[in-house]
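**Q** My file is query21.tsv. It has TSV, C-alpha atoms:
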```tsv
chain	number	residue	atom	x	y	z
A	168	MET	CA	240.13	207.05	188.16
A	169	THR	CA	240.47	209.32	191.20
A	170	ALA	CA	244.27	209.05	191.08
A	171	PHE	CA	244.19	210.01	187.41
A	172	MET	CA	242.12	213.17	188.15
A	173	LEU	CA	244.36	214.15	191.06
A	174	SER	CA	247.48	213.84	188.90
A	175	ALA	CA	245.80	215.87	186.14
A	176	GLN	CA	244.94	218.65	188.59
A	177	ALA	CA	248.49	218.66	189.94
A	178	ALA	CA	249.85	218.95	186.42
A	179	GLN	CA	247.57	221.91	185.72
A	180	GLY	CA	248.69	223.66	188.90
A	181	GLY	CA	252.31	223.33	187.86
A	182	GLY	CA	251.43	224.62	184.42
A	183	SER	CA	249.96	227.81	185.81
A	184	MET	CA	253.10	228.37	187.87
A	185	SER	CA	255.33	227.98	184.82
A	186	PHE	CA	253.02	230.32	182.91
A	187	LEU	CA	253.41	232.92	185.66
A	188	ILE	CA	257.20	232.56	185.60
A	189	MET	CA	257.18	232.89	181.81
A	190	MET	CA	255.10	236.10	181.98
A	191	VAL	CA	257.45	237.60	184.57
A	192	ALA	CA	260.43	236.71	182.38
A	193	ILE	CA	258.82	238.32	179.31
A	194	PHE	CA	258.08	241.50	181.26
A	195	ALA	CA	261.68	241.61	182.55
A	196	ILE	CA	263.05	241.23	179.03
A	197	MET	CA	260.75	243.97	177.72
A	198	TRP	CA	261.81	246.26	180.56
A	199	PHE	CA	265.53	245.76	179.89
A	200	PHE	CA	265.33	246.13	176.11
A	201	MET	CA	262.52	248.66	175.61
A	202	ILE	CA	261.45	250.63	178.67
A	203	ARG	CA	264.79	251.20	180.39
A	204	PRO	CA	266.65	252.57	177.32
A	205	GLN	CA	263.72	254.88	176.56
A	206	GLN	CA	263.77	256.22	180.13
A	207	LYS	CA	267.52	256.85	179.88
A	208	LYS	CA	267.04	258.72	176.58
A	209	GLN	CA	264.26	260.87	178.06
A	210	LYS	CA	266.49	261.69	181.04
A	211	GLU	CA	269.31	262.80	178.70
A	212	ILE	CA	266.89	265.03	176.74
A	213	ARG	CA	265.51	266.55	179.96
A	214	ASN	CA	269.05	267.26	181.22
A	215	PHE	CA	269.91	268.89	177.87
A	216	GLN	CA	266.78	271.06	177.98
A	217	ASN	CA	267.56	272.17	181.54
A	218	SER	CA	271.17	273.04	180.65
A	219	LEU	CA	270.36	275.23	177.63
A	220	THR	CA	272.17	278.56	177.48
A	221	GLU	CA	272.07	281.48	175.08
A	222	GLY	CA	274.15	280.78	171.98
A	223	THR	CA	273.59	277.02	172.00
A	224	LYS	CA	272.87	275.54	168.56
A	225	VAL	CA	269.74	273.36	168.76
A	226	ILE	CA	267.33	271.28	166.72
A	227	THR	CA	263.62	271.64	167.50
A	228	GLY	CA	261.02	268.88	167.43
A	229	GLY	CA	259.95	270.10	163.98
A	230	GLY	CA	263.47	269.69	162.60
A	231	ILE	CA	264.37	273.39	162.59
A	232	TYR	CA	268.02	274.22	163.20
A	233	GLY	CA	268.77	277.42	165.08
A	234	THR	CA	270.62	279.21	167.84
A	235	VAL	CA	269.13	280.00	171.25
A	236	LYS	CA	268.84	283.78	171.67
A	237	ARG	CA	266.78	284.09	174.85
A	238	ILE	CA	265.32	281.76	177.47
A	239	ASN	CA	262.11	282.70	179.29
A	240	MET	CA	261.86	280.49	182.38
A	241	GLN	CA	258.48	281.91	183.52
A	242	GLU	CA	256.73	280.95	180.27
A	243	ASN	CA	259.00	277.92	179.64
A	244	THR	CA	259.83	279.16	176.13
A	245	ILE	CA	262.97	279.72	174.11
A	246	GLU	CA	263.57	282.23	171.35
A	247	VAL	CA	265.51	280.56	168.55
A	248	GLU	CA	267.17	282.45	165.68
A	249	ILE	CA	266.74	280.31	162.56
A	250	ALA	CA	268.16	282.85	160.07
A	251	ARG	CA	269.77	286.23	160.37
A	252	GLY	CA	267.11	288.45	161.98
A	253	VAL	CA	264.43	285.68	162.04
A	254	VAL	CA	263.57	284.67	165.60
A	255	ILE	CA	260.85	282.18	166.54
A	256	THR	CA	259.50	281.28	169.96
A	257	VAL	CA	259.53	277.57	170.80
A	258	ASP	CA	258.39	275.70	173.90
A	259	ARG	CA	261.43	274.48	175.80
A	260	GLY	CA	260.05	270.93	175.77
A	261	TYR	CA	260.36	270.80	171.97
A	262	VAL	CA	264.11	271.35	171.80
A	263	PHE	CA	265.64	267.89	171.58
A	264	ALA	CA	269.21	267.94	170.33
A	265	ASP	CA	272.45	269.87	170.25
A	266	ALA	CA	273.07	270.85	166.62
A	267	SER	CA	276.73	271.84	167.00
A	268	GLY	CA	277.91	268.27	166.36
A	269	MET	CA	275.40	267.74	163.53
A	270	GLN	CA	276.57	270.74	161.50
A	271	GLN	CA	280.20	269.59	161.68
A	272	VAL	CA	279.22	266.22	160.22
A	273	GLN	CA	277.27	267.89	157.38
A	274	ALA	CA	280.20	270.17	156.52
A	275	LYS	CA	282.53	267.23	155.75
```
How does this structure look as structure tokens?
**A**
Amino acid sequence: MTAFMLSAQAAQGGGSMSFLIMMVAIFAIMWFFMIRPQQKKQKEIRNFQNSLTEGTKVITGGGIYGTVKRINMQENTIEVEIARGVVITVDRGYVFADASGMQQVQAK
């Protein structure tokens, strides 16, 4: 009976080790397929926001297409012209994409 209980405890110990290995493997898979690509995308967006210049065609977080007219680094805002003579002020963090390539696709 004692040998049976010792073998059962040994089997449980090995089971917890395989469970730990399985959890580490699941986390690694999630990191490679979900977290890492999202971090790369955020880095690309941040680089785009930091490289904005006047005249760049952009898309805001609300889906508004426009052209950058002025950049205010102190207030971290951008003035975007969305129609002739219509200028709105947008936080620089809400400009996500370069619209110059998008408008060429729509024109075709």
**Q** Within 8 Å of range 226-230 of chain A, counting all atoms listed in the file, which residues show up once you throw out same-chain ones fewer than 4 positions away? Write them as an MDAnalysis selection string, please.
**A** chainID A and resid 257 261:266
**Q** Measuring atom to atom with all atoms listed in the file, identify which of A:Ala250, A:Arg237, A:Thr244, A:Gly260 is nearest to Ile212 in chain A.
**A**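 Nearest candidate to Ile212 in chain A out of A:Ala250, A:Arg237, A:Thr244, A:Gly260: A:Gly260.
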**Q** As a ChimeraX atom specification, please: the residues near Thr256 in chain A (cut-off 12 Å, only C-alpha atoms, same-chain neighbours under 3 positions excluded).
**A** /A:227,231,233-239,242-249,253,259-262
**Q** May I ask for the distance between CA of Ser267 in chain A and CA of Gly222 in chain A, given in Å to one decimal place?
**A**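 Rounded to one decimal, the two atoms are 10.6 Å apart.
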**Q** Expressed in Å to a single decimal, how great is the separation between CA of Ile193 in chain A and CA of Arg213 in chain A?
**A**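 CA of Ile193 in chain A sits 29.0 Å away from CA of Arg213 in chain A.
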**Q** Work out how far apart CA of Leu219 in chain A and CA of Tyr232 in chain A are and give it in Å to one decimal.
**A**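 Going from CA of Leu219 in chain A over to CA of Tyr232 in chain A, I get 14.7 Å.
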